[in-house]
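Structure first, commentary second.
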Amino acid sequence: ELATSPQTLSTSPNFNKFLKTVIIIHGYFGDSTYPNPIKLASELKKIGNMNILLLDHGSVTRDNYYLATTFVRYIGEALGSALMEIYAR
């Protein structure tokens with residue numbers, strides 16, 4: 001299920017804040033639709049019941065290493081803020 005904001009994720013019937021949450025962030029090249037993040041998520045689902053979040057920053061970094069290294073701090077801060085909002089509900 002696609003969630004585009006902390007609000008939609010926290011109200012999703014597929015997200016349980018009491019389960020372990022794994023976050024997959026792709027590298028500077030590509031996005032979360034590339035085979036590796038999807039394959040990793042699929043393998044993690046086999047291990048057990050958990051939330052799996054694929055963070056996609058491809059629209060911001062656009063396969064540009066310089067942009068990816070510049071924005072990594074801001075992406076991390078945004079992720080932290082989103083997680084705090086999700087788990088505060």
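Ordering of the structure tokens sets the chain letters (A, B, ...); residue numbers start at 1 within each chain; ligands are numbered from 1 in the order shown.
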task: Write out as a list in words all residues of chain A that DSSP puts in strand (DSSP E) for this structure's backbone.
output: Thr21, Val22, Ile23, Ile24, Ile25, Asn51, Ile52, Leu53, Leu54 and Leu55 of chain A
Neighbour list for Asn49 in chain A as a list in words, cut-off 9 Å, only C-alpha atoms, skip fewer than 3 positions in-chain: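 My reading of the contact set: Leu19, Lys20, Leu44, Lys45 and Lys46 of chain A.
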Just to be explicit: take each residue in the selection above, keep N, CA and C atoms, and write the result as an mmCIF file, in the first residue's frame.
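So the final result, stored in part-v2.cif, reads:
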```
data_model
loop_
_atom_site.group_PDB
_atom_site.id
_atom_site.type_symbol
_atom_site.label_atom_id
_atom_site.label_comp_id
_atom_site.auth_asym_id
_atom_site.auth_seq_id
_atom_site.Cartn_x
_atom_site.Cartn_y
_atom_site.Cartn_z
ATOM 1 N N LEU A 19 4.443 -3.147 15.881
ATOM 2 C CA LEU A 19 5.341 -4.121 15.253
ATOM 3 C C LEU A 19 6.697 -3.473 14.966
ATOM 4 N N LYS A 20 7.683 -4.325 14.757
ATOM 5 C CA LYS A 20 8.996 -3.849 14.317
ATOM 6 C C LYS A 20 8.821 -3.149 12.969
ATOM 7 N N LEU A 44 12.143 -9.795 3.452
ATOM 8 C CA LEU A 44 11.849 -9.444 4.846
ATOM 9 C C LEU A 44 10.457 -9.909 5.265
ATOM 10 N N LYS A 45 9.495 -9.838 4.344
ATOM 11 C CA LYS A 45 8.133 -10.288 4.652
ATOM 12 C C LYS A 45 8.111 -11.773 4.998
ATOM 13 N N LYS A 46 9.036 -12.537 4.417
ATOM 14 C CA LYS A 46 9.099 -13.976 4.685
ATOM 15 C C LYS A 46 9.598 -14.265 6.097
#
```
Where does range 15-34 of chain A meet range 71-88 of chain A within 12 Å, residue by residue, with the nearest atom pair and distance in Å to one decimal for each, counting only C-alpha atoms, listed by chain and rising number, as CSV?
```
residue,atom,partner,partner_atom,distance
A:Phe15,CA,A:Ile86,CA,9.9
A:Asn16,CA,A:Tyr87,CA,9.7
A:Lys17,CA,A:Tyr87,CA,6.4
A:Phe18,CA,A:Tyr87,CA,9.0
A:Leu19,CA,A:Tyr87,CA,11.1
A:Lys20,CA,A:Tyr87,CA,11.9
A:Thr21,CA,A:Leu83,CA,10.1
A:Val22,CA,A:Leu83,CA,11.6
A:Ile23,CA,A:Leu79,CA,9.7
A:Ile24,CA,A:Leu79,CA,11.5
A:Ile25,CA,A:Ile75,CA,10.2
A:His26,CA,A:Val72,CA,11.5
A:Gly27,CA,A:Val72,CA,10.4
A:Tyr28,CA,A:Val72,CA,9.4
```
task: Would you work out the distance separating CA of Asp31 in chain A from CA of Asp56 in chain A, expressed in Å to one decimal?
output: 5.6 Å
- request: Run DSSP on the backbone and grab whatever in chain A lands in helix (DSSP H, G or I); send it over as a ChimeraX atom specification.
  value: /A:6-10,35-47,58-61,65-88
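From CA of Pro37 in chain A back to CA of Asn64 in chain A, the distance works out to 18.5 Å.
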- line: Separating CA of Ala41 in chain A from CA of Leu54 in chain A, to the nearest tenth of an Å, is a gap of 8.1 Å
message: Which residue is closest to Phe29 in chain A? Choose from A:Arg89, A:Ser5, A:Leu67, A:Gly58 and count only C-alpha atoms.
response: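 Using only C-alpha atoms, the shortest distance to Phe29 in chain A belongs to A:Gly58.
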